[in-house]
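The data block below is start-v4.txt; it holds compact mmCIF, C-alpha atoms.
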# COMPACT_ATOMS: atom_id res chain seq x y z
CA MET A 525 -108.67 21.73 19.33
CA GLU A 526 -110.52 21.79 22.63
CA LEU A 527 -113.32 23.90 21.18
CA LEU A 528 -115.89 22.81 23.74
CA LEU A 529 -113.98 25.19 25.97
CA ALA A 530 -114.01 27.93 23.38
CA ALA A 531 -116.73 30.13 24.81
CA LEU A 532 -115.14 30.21 28.24
CA LEU A 533 -111.76 30.94 26.72
CA LEU A 534 -113.22 33.54 24.40
CA ALA A 535 -114.76 35.44 27.27
CA TYR A 536 -111.39 35.68 28.93
CA GLY A 537 -109.42 36.23 25.74
CA GLY A 538 -108.20 32.71 24.99
CA ILE A 539 -109.19 30.34 22.21
CA SER A 540 -108.23 26.95 20.91
CA ALA A 541 -108.02 25.57 17.39
CA ASP A 542 -110.03 26.91 14.51
CA HIS A 543 -111.33 23.87 12.57
CA PRO A 544 -111.89 20.29 13.73
CA GLY A 545 -109.31 17.87 12.43
CA ALA A 546 -109.44 14.17 11.70
CA THR A 547 -107.67 13.49 15.01
CA PHE A 548 -109.61 15.83 17.29
CA GLU A 549 -108.25 15.40 20.85
CA ASP A 550 -110.29 13.24 23.21
CA THR A 551 -109.74 15.81 25.91
CA ALA A 552 -112.25 18.00 24.10
CA THR A 553 -115.00 15.98 25.75
CA ALA A 554 -114.85 18.28 28.76
CA ALA A 555 -118.17 20.11 28.82
CA VAL A 556 -118.35 23.70 29.99
CA SER A 557 -121.36 25.93 30.47
CA SER A 558 -120.38 28.47 27.90
CA ARG A 559 -123.39 30.67 28.43
CA ALA A 560 -122.56 30.96 32.11
CA ALA A 561 -118.97 31.81 31.25
CA MET A 562 -120.12 34.57 28.95
CA LEU A 563 -122.30 36.08 31.66
CA GLN A 564 -119.54 35.89 34.25
CA ALA A 565 -117.23 37.78 31.92
CA GLY A 566 -119.24 40.94 32.44
CA PRO A 567 -120.22 43.59 29.90
CA PRO A 568 -118.04 44.27 26.84
CA LEU A 569 -115.16 46.63 27.31
CA PRO A 570 -115.39 50.02 25.58
CA SER A 571 -114.71 49.70 21.88
CA GLU A 572 -111.37 50.81 20.49
CA PRO A 573 -111.28 52.98 17.37
CA VAL A 574 -111.51 50.84 14.27
CA PRO A 575 -110.50 52.07 10.83
CA ASP A 576 -113.33 51.90 8.32
CA HIS A 577 -112.89 50.56 4.83
CA PRO A 578 -110.55 52.73 2.76
CA ALA A 579 -112.40 55.45 0.91
CA GLY A 580 -114.09 54.17 -2.21
CA GLN A 581 -113.22 50.54 -1.53
CA THR A 582 -116.00 48.17 -2.57
CA ASP A 583 -116.44 44.49 -3.21
CA PRO A 584 -114.16 43.74 -6.19
CA GLN A 585 -116.61 41.07 -7.34
CA PRO A 586 -120.09 42.53 -6.97
CA ASP A 587 -121.42 40.06 -9.53
CA ALA A 588 -119.94 36.98 -7.87
CA PRO A 589 -122.38 34.07 -7.49
CA LYS A 590 -123.70 33.01 -4.11
CA ILE A 591 -121.10 30.50 -2.97
CA LYS A 592 -121.93 27.11 -1.54
CA GLY A 593 -118.60 25.41 -1.14
CA ILE A 594 -116.52 22.65 0.40
CA TYR A 595 -113.11 22.44 2.02
CA VAL A 596 -110.44 20.63 -0.02
CA THR A 597 -107.00 19.74 1.29
CA ALA A 598 -104.01 20.10 -1.01
CA HIS A 599 -103.65 16.32 -1.03
CA SER A 600 -107.27 15.90 -2.14
CA ALA A 601 -106.88 18.60 -4.78
CA ALA A 602 -103.84 16.81 -6.19
CA GLY A 603 -105.07 13.24 -5.83
CA SER A 604 -107.75 10.84 -6.96
CA ARG A 605 -110.28 12.16 -4.43
CA MET A 606 -110.58 15.26 -6.58
CA ASN A 607 -112.53 13.28 -9.17
CA THR A 608 -115.13 12.40 -6.55
CA LEU A 609 -115.35 16.00 -5.38
CA LEU A 610 -115.75 17.28 -8.92
CA GLU A 611 -118.58 14.81 -9.49
CA LEU A 612 -120.24 16.05 -6.29
CA LEU A 613 -120.17 19.66 -7.47
CA ASP A 614 -121.22 18.75 -10.99
CA ARG A 615 -124.44 17.09 -9.79
CA THR A 616 -125.41 19.49 -6.99
CA GLU A 617 -125.82 23.20 -6.31
CA LEU A 618 -122.38 23.33 -4.70
CA ASN A 619 -120.16 25.66 -6.70
CA GLY A 620 -117.03 26.53 -4.69
CA MET A 621 -113.88 24.95 -3.30
CA VAL A 622 -111.66 26.25 -0.50
CA ILE A 623 -108.23 24.77 -1.24
CA ASP A 624 -105.21 24.75 1.05
CA ILE A 625 -102.49 26.94 -0.47
CA LYS A 626 -100.66 27.38 2.85
CA ASP A 627 -101.54 24.65 5.31
CA ASP A 628 -101.82 24.34 9.06
CA TRP A 629 -98.08 23.69 9.51
CA GLY A 630 -97.04 26.57 7.29
CA TYR A 631 -96.18 24.71 4.09
CA ILE A 632 -96.91 26.43 0.79
CA THR A 633 -98.51 23.59 -1.12
CA TYR A 634 -97.39 24.38 -4.67
CA GLU A 635 -94.36 25.89 -6.37
CA THR A 636 -95.16 29.54 -6.87
CA GLY A 637 -91.99 30.23 -8.83
CA HIS A 638 -91.54 33.46 -6.88
CA PRO A 639 -87.88 33.73 -5.83
CA GLU A 640 -88.60 35.23 -2.40
CA LEU A 641 -91.11 32.54 -1.50
CA GLN A 642 -88.96 29.75 -2.92
CA ALA A 643 -85.92 31.00 -1.00
CA ARG A 644 -87.67 30.54 2.34
CA GLY A 645 -87.73 26.79 1.90
CA THR A 646 -91.33 26.56 3.05
CA THR A 647 -92.70 25.05 -0.16
CA LYS A 648 -93.89 21.45 -0.16
CA LYS A 649 -94.96 20.52 -3.65
CA ILE A 650 -98.23 18.75 -2.92
CA ILE A 651 -100.15 20.26 -5.83
CA ALA A 652 -97.82 19.34 -8.68
CA ASP A 653 -99.58 21.27 -11.45
CA LEU A 654 -101.57 24.25 -10.20
CA PRO A 655 -102.36 25.66 -13.67
CA LYS A 656 -103.92 22.33 -14.60
CA LEU A 657 -105.94 22.35 -11.40
CA MET A 658 -107.17 25.89 -12.05
CA ASN A 659 -108.19 24.97 -15.59
CA THR A 660 -110.12 22.00 -14.25
CA LEU A 661 -111.96 24.19 -11.76
CA GLN A 662 -112.82 26.66 -14.50
CA GLU A 663 -114.09 23.89 -16.79
CA HIS A 664 -116.43 22.73 -14.04
CA GLY A 665 -117.63 26.24 -13.19
CA ILE A 666 -116.17 26.10 -9.69
CA TYR A 667 -115.39 29.28 -7.76
CA PRO A 668 -111.82 28.88 -6.45
CA ILE A 669 -110.89 30.10 -2.95
CA ALA A 670 -107.32 29.93 -1.67
CA ARG A 671 -107.05 29.10 2.04
CA ILE A 672 -103.97 30.58 3.70
CA VAL A 673 -103.26 29.77 7.35
CA VAL A 674 -101.62 32.96 8.58
CA PHE A 675 -100.29 33.19 12.13
CA LYS A 676 -100.27 29.52 13.07
CA ASP A 677 -97.06 28.75 11.22
CA THR A 678 -94.81 26.24 12.97
CA LEU A 679 -92.49 26.01 9.99
CA LEU A 680 -91.71 29.72 9.79
CA ALA A 681 -91.53 30.01 13.58
CA LYS A 682 -88.83 27.33 13.72
CA GLN A 683 -86.90 28.97 10.91
CA ARG A 684 -87.25 32.47 12.30
CA PRO A 685 -87.81 32.52 16.08
CA ASP A 686 -87.41 36.30 15.92
CA LEU A 687 -90.75 36.38 14.09
CA SER A 688 -92.37 34.22 16.76
CA PHE A 689 -92.59 34.02 20.55
CA VAL A 690 -89.59 32.95 22.60
CA ARG A 691 -89.45 31.73 26.21
CA PRO A 692 -87.16 33.43 28.76
CA ASP A 693 -84.63 30.61 28.27
CA GLY A 694 -84.41 31.44 24.56
CA THR A 695 -86.37 28.44 23.26
CA LEU A 696 -89.23 28.72 20.81
CA TRP A 697 -92.66 28.66 22.42
CA GLY A 698 -95.02 25.88 21.36
CA ASN A 699 -98.37 24.76 22.70
CA ALA A 700 -99.08 21.53 24.56
CA LYS A 701 -100.02 19.48 21.52
CA ASN A 702 -97.86 16.59 20.34
CA PRO A 703 -96.16 17.68 18.19
CA PRO A 704 -96.58 21.29 19.35
CA ASP A 705 -97.87 24.10 17.17
CA SER A 706 -96.08 27.44 17.11
CA PHE A 707 -97.39 30.80 16.00
CA VAL A 708 -95.72 33.77 14.36
CA ASN A 709 -96.20 37.27 15.69
CA PRO A 710 -99.13 39.32 14.30
CA TYR A 711 -97.25 42.53 15.15
CA MET A 712 -94.50 41.71 12.61
CA LYS A 713 -95.05 43.29 9.22
CA GLU A 714 -92.58 40.85 7.67
CA VAL A 715 -95.06 38.11 8.53
CA TRP A 716 -97.88 40.13 7.00
CA ASP A 717 -95.95 40.67 3.78
CA TYR A 718 -94.94 37.01 3.52
CA ASN A 719 -98.55 35.85 3.61
CA ILE A 720 -99.80 38.63 1.38
CA LEU A 721 -97.09 37.92 -1.18
CA LEU A 722 -98.33 34.34 -1.33
CA ALA A 723 -101.91 35.62 -1.60
CA LYS A 724 -100.90 37.78 -4.56
CA GLU A 725 -99.35 34.76 -6.27
CA ALA A 726 -102.56 32.81 -5.66
CA ALA A 727 -104.53 35.66 -7.21
CA LYS A 728 -102.26 35.61 -10.25
CA ALA A 729 -102.82 31.87 -10.51
CA GLY A 730 -106.56 32.44 -10.84
CA PHE A 731 -108.03 32.21 -7.36
CA LYS A 732 -110.94 34.63 -7.00
CA GLU A 733 -110.83 34.87 -3.22
CA ILE A 734 -108.19 34.64 -0.52
CA GLN A 735 -109.45 33.13 2.70
CA PHE A 736 -107.21 33.84 5.71
CA ASP A 737 -107.42 31.40 8.62
CA TYR A 738 -105.83 31.55 12.09
CA VAL A 739 -105.89 35.33 12.03
CA ARG A 740 -105.08 35.59 15.72
CA PHE A 741 -102.56 35.17 18.53
CA PRO A 742 -102.10 31.74 20.17
CA GLU A 743 -104.84 30.47 22.44
CA GLY A 744 -104.53 31.68 26.03
CA PHE A 745 -101.96 34.26 25.00
CA GLU A 746 -102.95 36.66 27.75
CA THR A 747 -101.56 34.21 30.31
CA ARG A 748 -98.09 34.27 28.78
CA ALA A 749 -97.90 37.69 27.09
CA ASP A 750 -95.79 39.14 29.91
CA THR A 751 -93.29 36.28 30.03
CA LEU A 752 -92.66 35.54 26.36
CA GLN A 753 -90.23 37.66 24.36
CA TYR A 754 -91.57 39.11 21.12
CA GLY A 755 -91.69 42.34 19.18
CA LYS A 756 -94.66 44.62 19.71
CA ASP A 757 -95.70 48.26 19.57
CA GLU A 758 -98.31 50.48 21.20
CA ARG A 759 -101.23 48.79 19.43
CA SER A 760 -103.45 46.36 21.28
CA ARG A 761 -103.57 42.81 20.03
CA ILE A 762 -107.03 43.48 18.61
CA GLU A 763 -105.71 46.48 16.67
CA ALA A 764 -102.73 44.50 15.37
CA VAL A 765 -104.93 41.73 13.98
CA ALA A 766 -107.51 44.11 12.51
CA SER A 767 -104.71 46.16 10.94
CA PHE A 768 -103.33 43.06 9.21
CA VAL A 769 -106.74 42.33 7.70
CA GLN A 770 -107.15 45.93 6.56
CA TYR A 771 -103.67 45.90 4.99
CA ALA A 772 -104.37 42.61 3.24
CA ARG A 773 -107.57 43.93 1.72
CA GLU A 774 -105.87 47.13 0.56
CA GLN A 775 -103.17 45.05 -1.13
CA LEU A 776 -105.41 42.41 -2.69
CA ASN A 777 -108.63 44.10 -3.77
CA PRO A 778 -106.88 46.01 -6.60
CA LEU A 779 -106.04 42.59 -8.06
CA GLY A 780 -109.76 41.82 -8.30
CA VAL A 781 -109.82 39.22 -5.53
CA ARG A 782 -111.99 39.15 -2.49
CA VAL A 783 -110.58 38.86 1.03
CA SER A 784 -112.30 36.63 3.55
CA VAL A 785 -111.45 35.62 7.13
CA ASP A 786 -112.42 32.59 9.18
CA ILE A 787 -113.45 33.49 12.73
CA PHE A 788 -114.88 31.63 15.69
CA GLY A 789 -118.66 31.41 15.66
CA TYR A 790 -118.65 32.23 19.36
CA ALA A 791 -117.07 35.57 18.56
CA ALA A 792 -120.45 36.88 17.39
CA SER A 793 -121.99 36.03 20.74
CA VAL A 794 -119.46 37.20 23.32
CA PRO A 795 -117.27 40.25 23.99
CA ALA A 796 -114.08 40.69 22.00
CA ALA A 797 -111.37 38.10 22.63
CA GLU A 798 -108.63 40.46 23.83
CA GLY A 799 -106.20 37.63 24.54
CA ILE A 800 -106.03 36.32 20.98
CA GLY A 801 -106.76 39.67 19.35
CA GLN A 802 -110.01 38.74 17.61
CA ASP A 803 -112.94 41.13 17.49
CA PHE A 804 -115.80 40.02 15.23
CA GLU A 805 -116.97 43.50 14.35
CA LYS A 806 -113.54 45.03 13.77
CA ILE A 807 -112.39 42.17 11.53
CA SER A 808 -115.70 42.19 9.65
CA ARG A 809 -115.20 45.88 8.80
CA GLN A 810 -112.09 44.98 6.81
CA VAL A 811 -113.23 42.00 4.72
CA ASP A 812 -115.40 41.25 1.74
CA VAL A 813 -116.59 37.96 3.25
CA ILE A 814 -116.73 36.82 6.88
CA SER A 815 -116.86 33.08 7.60
CA PRO A 816 -117.86 32.32 11.20
CA MET A 817 -117.25 28.68 12.15
CA VAL A 818 -120.62 27.76 13.62
CA TYR A 819 -120.29 23.99 13.88
CA PRO A 820 -123.03 22.83 16.31
CA SER A 821 -120.55 20.45 17.95
CA HIS A 822 -118.49 23.42 19.13
CA TYR A 823 -121.22 24.89 21.32
CA SER A 824 -121.50 23.48 24.83
CA ALA A 825 -124.45 22.89 27.13
CA GLY A 826 -126.85 25.81 27.46
CA TRP A 827 -126.27 27.50 24.14
CA TYR A 828 -129.47 28.42 22.30
CA GLY A 829 -131.59 26.45 24.76
CA SER A 830 -129.92 23.14 23.98
CA GLN A 831 -128.39 20.73 26.47
CA VAL A 832 -126.43 19.22 23.55
CA PRO A 833 -126.25 21.80 20.74
CA ASP A 834 -124.63 19.20 18.48
CA ALA A 835 -127.90 17.25 18.64
CA ARG A 836 -129.98 20.29 17.60
CA PRO A 837 -128.34 21.59 14.42
CA TYR A 838 -131.26 23.80 13.35
CA ALA A 839 -131.63 25.61 16.66
CA THR A 840 -127.88 26.08 17.05
CA ILE A 841 -127.32 27.50 13.59
CA GLU A 842 -130.43 29.68 13.84
CA GLY A 843 -129.22 31.16 17.12
CA SER A 844 -125.70 31.71 15.88
CA MET A 845 -126.93 33.58 12.81
CA LYS A 846 -129.19 35.81 14.91
CA ASP A 847 -126.14 36.71 16.99
CA THR A 848 -124.09 37.30 13.85
CA HIS A 849 -126.64 39.69 12.39
CA LYS A 850 -126.83 41.56 15.68
CA LYS A 851 -123.05 41.84 15.93
CA LEU A 852 -122.84 43.27 12.41
CA GLU A 853 -125.62 45.84 12.79
CA PRO A 854 -123.19 48.71 13.56
CA LEU A 855 -121.48 48.19 10.19
CA GLN A 856 -124.62 49.14 8.26
CA GLY A 857 -123.55 49.58 4.62
CA ALA A 858 -120.08 48.16 5.28
CA LYS A 859 -121.34 44.67 6.15
CA PRO A 860 -119.45 41.86 4.44
CA VAL A 861 -121.02 38.81 2.87
CA ILE A 862 -121.82 36.27 5.60
CA ARG A 863 -120.68 32.81 4.53
CA PRO A 864 -120.49 30.47 7.54
CA TRP A 865 -118.65 27.20 7.90
CA ILE A 866 -121.10 24.42 8.81
CA GLN A 867 -120.66 20.84 9.96
CA ASP A 868 -120.48 17.77 7.73
CA PHE A 869 -118.83 15.40 10.21
CA THR A 870 -119.83 13.46 13.28
CA ALA A 871 -118.34 14.87 16.49
CA GLY A 872 -117.68 11.61 18.30
CA TRP A 873 -115.86 13.40 21.12
CA VAL A 874 -119.02 15.27 22.21
CA ARG A 875 -121.05 13.65 24.99
CA GLY A 876 -124.56 13.16 23.65
CA HIS A 877 -123.52 13.79 20.06
CA ILE A 878 -125.55 12.54 17.13
CA LYS A 879 -124.42 11.05 13.85
CA TYR A 880 -124.39 13.67 11.13
CA GLY A 881 -125.85 12.75 7.79
CA LYS A 882 -128.19 14.09 5.14
CA HIS A 883 -130.85 15.36 7.57
CA GLU A 884 -128.41 17.14 9.89
CA VAL A 885 -126.60 18.93 7.08
CA GLU A 886 -129.90 19.98 5.53
CA GLU A 887 -131.16 21.26 8.90
CA GLN A 888 -128.16 23.58 9.13
CA ILE A 889 -128.76 24.88 5.62
CA ARG A 890 -132.46 25.36 6.39
CA ALA A 891 -131.58 27.35 9.51
CA LEU A 892 -129.22 29.58 7.55
CA LYS A 893 -131.91 30.22 4.96
CA SER A 894 -134.40 31.13 7.70
CA GLN A 895 -132.04 33.93 8.72
CA GLY A 896 -131.46 35.19 5.20
CA VAL A 897 -128.01 33.60 4.84
CA GLU A 898 -127.69 32.01 1.41
CA GLU A 899 -123.99 31.18 1.33
CA TYR A 900 -122.07 28.57 3.31
CA LEU A 901 -119.04 26.29 3.35
CA LEU A 902 -118.99 22.64 4.40
CA TRP A 903 -116.16 21.39 6.60
CA ASN A 904 -114.98 17.82 6.66
CA ALA A 905 -111.30 17.42 7.52
CA VAL A 906 -110.79 14.45 5.19
CA ASN A 907 -113.13 15.78 2.49
CA THR A 908 -115.66 12.95 2.69
CA TYR A 909 -118.98 14.71 2.22
CA THR A 910 -122.46 13.32 2.87
CA PRO A 911 -124.18 12.05 -0.29
CA GLY A 912 -127.69 12.97 -1.26
CA VAL A 913 -127.87 16.34 0.48
CA LYS A 914 -130.15 18.98 -1.07
CA TYR A 915 -128.02 22.10 -1.15
CA GLU A 916 -130.86 24.58 -1.56

Would you kindly transcribe this structure into C-alpha cells?
Amino acid sequence: MELLLAALLLAYGGISADHPGATFEDTATAAVSSRAAMLQAGPPLPSEPVPDHPAGQTDPQPDAPKIKGIYVTAHSAAGSRMNTLLELLDRTELNGMVIDIKDDWGYITYETGHPELQARGTTKKIIADLPKLMNTLQEHGIYPIARIVVFKDTLLAKQRPDLSFVRPDGTLWGNAKNPPDSFVNPYMKEVWDYNILLAKEAAKAGFKEIQFDYVRFPEGFETRADTLQYGKDERSRIEAVASFVQYAREQLNPLGVRVSVDIFGYAASVPAAEGIGQDFEKISRQVDVISPMVYPSHYSAGWYGSQVPDARPYATIEGSMKDTHKKLEPLQGAKPVIRPWIQDFTAGWVRGHIKYGKHEVEEQIRALKSQGVEEYLLWNAVNTYTPGVKYE
C-alpha cells in the first residue's frame, strides 16, 4: 500500500496496492518526487497494437443514471452498518453502491450455488442472503455494482500454485506484507474464466455493473519476471491484461451488464506501466466505465503544483482529470464513462496531511464538475462516510 511511491514505480513498471485500507502501512510516509520520476523515465515507448471494441459493441445501459456511489464491504452489506448507508443514500444524491463480491483475499462473499464455484472452496458466506440484499437495493433505487478483485487472489494462488508465480525453490511467491499477498497469473485463461464465471453469476443476481479491481501483475513484477516460474506466451504483459478486459466485456455485455475497471490515477499521467501490465488507454478501450483512483493523498510532492497534494484536494483532482481527458483523446467515440474514485478518509500517514471532512470531499466533487466529470465513487475502507456533504 505504499502508494506515495506509486508514480516512481509506475514510471518504471511497478506499482503498489490499489485502494487504501484501514491499516495503511506507516512505511508509506516516504515522500518521493513523483513528477521528477516521471520526467526521468523518458518519453513513452511506442504503442503496441490494441484491439478496438468488438464491432457493434456499445454500452449495454445507455440510459443508466449518472452514478454517485460509495464502497461497501461485504461485512457492511450484511450487517447493521447497511442501515446507516441506506439512510445516507436515501437523503442525498448518492445512488450507487460498489459491493465486494470477491474480496481482496480472494473469497467469494456469498453462496452462488454454482457447482464449479462452490467446488473450489473459495466461498466465505459473508452475505447470507444476497437476493434479500438485491431487493433492498432495488427498493431504495440504488444502482448495484459488484466489485471483483481479479489477479490479487491469495486464496486461489495457495490452492493452485500452477496458476500463480513460483520461486525457483518451488515455493509460492508472496510480497513483503505480513501476511503476504499472492497474485494469480494474468496469462492464464483459467483464471480469466473463474472470475468471469463469478461475474456472470453476479449479473444473474441483479448487479448492473461488474467492477474489476487489481487488473494487473504484482507490483515490481519486472524485477522478478525472469526468476519466477509461471506460464506465459508471446504477448506482453500489457497485452495480456488488456486482452482479459476485452474478453470480459465480450462475455458480459450480452447479459446487459456494464464492465468497469479500477486503475491507478497516476496511470493517466505517466507512460504505460509495463511491469504490472497496465496501460490506461488500452484498458479504457475495452470498458464501459473507467474508474481512476485519484485520491489526493496518493500524489506526492510536486504534483499539480502542490507541495502536499493531499492538502489541496481541488487542485489535485482538477489536474488529474485534465490528464485523464488528455489520455483518452485518442479513443474519440470509444471513450468510456469516467467515474473516478475520490477520497473520503484522512490520510494520517502523509506528512503535511489535512483532516478530510465535508469541505474536502466537496472540493473534490467541485473539481470533477469543473472538468465535466459528473460521476464518482467515494472510498472509505470501513465505510464511514462524512455527514452533511452536498453531492452535487

**OP:** Extract, using only C-alpha atoms, all DNA, RNA and protein residues at most 9 Å from A:Pro911, discarding same-chain residues fewer than 4 positions from it, and format them as JSON, numbers by chain.
**Re:** {"A": [612, 881, 882]}

Keeping only C-alpha atoms, write the selected residues to a file as a PDB file, keeping the file's coordinate frame.
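This went into selection_6.pdb:
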ATOM      1  CA  LEU A 612    -120.240  16.050  -6.290  1.00  0.00           C
ATOM      2  CA  GLY A 881    -125.850  12.750   7.790  1.00  0.00           C
ATOM      3  CA  LYS A 882    -128.190  14.090   5.140  1.00  0.00           C
TER       4      LYS A 882
END

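Candidate residues A:Val765, A:Leu721, A:Val674, A:Leu687 were compared for distance to A:Gln642, and the nearest is A:Leu721, using all atoms listed in the file.
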
**OP:** For A:Phe731, list every protein, DNA or RNA residue within 9 Å, evaluated using all atoms listed in the file, and leave out those in the same chain fewer than 2 positions away; present the list as a PyMOL selection string.
**Re:** chain A and resi 658+667-670+726-729+733-734+781

With C-alpha atoms kept, could you save the residues just selected as a JSON list (two decimals), keeping the file's coordinate frame?
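As written to disk, out04.json reads:
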[["chain", "number", "residue", "atom", "x", "y", "z"],
["A", 658, "MET", "CA", -107.17, 25.89, -12.05],
["A", 667, "TYR", "CA", -115.39, 29.28, -7.76],
["A", 668, "PRO", "CA", -111.82, 28.88, -6.45],
["A", 669, "ILE", "CA", -110.89, 30.10, -2.95],
["A", 670, "ALA", "CA", -107.32, 29.93, -1.67],
["A", 726, "ALA", "CA", -102.56, 32.81, -5.66],
["A", 727, "ALA", "CA", -104.53, 35.66, -7.21],
["A", 728, "LYS", "CA", -102.26, 35.61, -10.25],
["A", 729, "ALA", "CA", -102.82, 31.87, -10.51],
["A", 733, "GLU", "CA", -110.83, 34.87, -3.22],
["A", 734, "ILE", "CA", -108.19, 34.64, -0.52],
["A", 781, "VAL", "CA", -109.82, 39.22, -5.53]]

Original post:
In Å to one decimal, how far is atom CA of A:Ile672 from atom CA of A:Thr597?
Top reply: 11.5 Å

**OP:** Please provide the set of residues having any atom within 9 Å of A:Trp865, restricted to all atoms listed in the file, with same-chain residues fewer than 3 positions apart removed, written as a list in words.
**Re:**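 My reading of the contact set: Asp786, Gly789, Ser815, Pro816, Met817, Val818, Tyr819, Tyr900, Leu901, Leu902 and Trp903 of chain A.
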
**OP:** In Å, rounded to a single decimal, give me how far atom CA of A:Leu609 is from atom CA of A:His883.
**Re:**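 That distance, rounded to one decimal, is 20.2 Å.
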
**OP:** Just the residues within 6 Å of stretch 754-761 of chain A, please, counting all atoms listed in the file, with nothing from its chain fewer than 2 positions along; format it as a PyMOL selection string.
**Re:** chain A and resi 689+711+763-764+801

Original post:
In Å, how far is it from atom CA of A:Asp627 to atom CA of A:Val673?
Top reply: 5.8 Å

**OP:** Find, counting only C-alpha atoms, the residue in A:Thr660, A:Thr747, A:Ser604, A:Ser767 that gets nearest to A:Arg809.
**Re:**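 For A:Arg809, the nearest of the candidates is A:Ser767.
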
**OP:** Taking (-115.4, 41.5, 15.0) in the file's own coordinates, collect the residues within 9 Å, counting all atoms listed in the file, and hand them back as a list in words.
**Re:**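 Checking each residue against the 9 Å limit leaves Ala766, Ile787, Ala791, Ala792, Ala796, Gln802, Asp803, Phe804, Glu805, Lys806, Ile807, Ser808, Arg809, Lys851 and Leu852 of chain A.
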
**OP:** Kindly indicate which residue among A:Tyr718, A:Phe788, A:Asn709, A:Gly694 lies nearest to A:Thr646, using all atoms listed in the file for the distances.
**Re:** A:Tyr718

Original post:
Hey, which of A:Ser830, A:Gln662, A:Thr636, A:Gln585 ends up closest to A:Ile650? Count only C-alpha atoms.
Top reply: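 For A:Ile650, the nearest of the given residues is A:Thr636.
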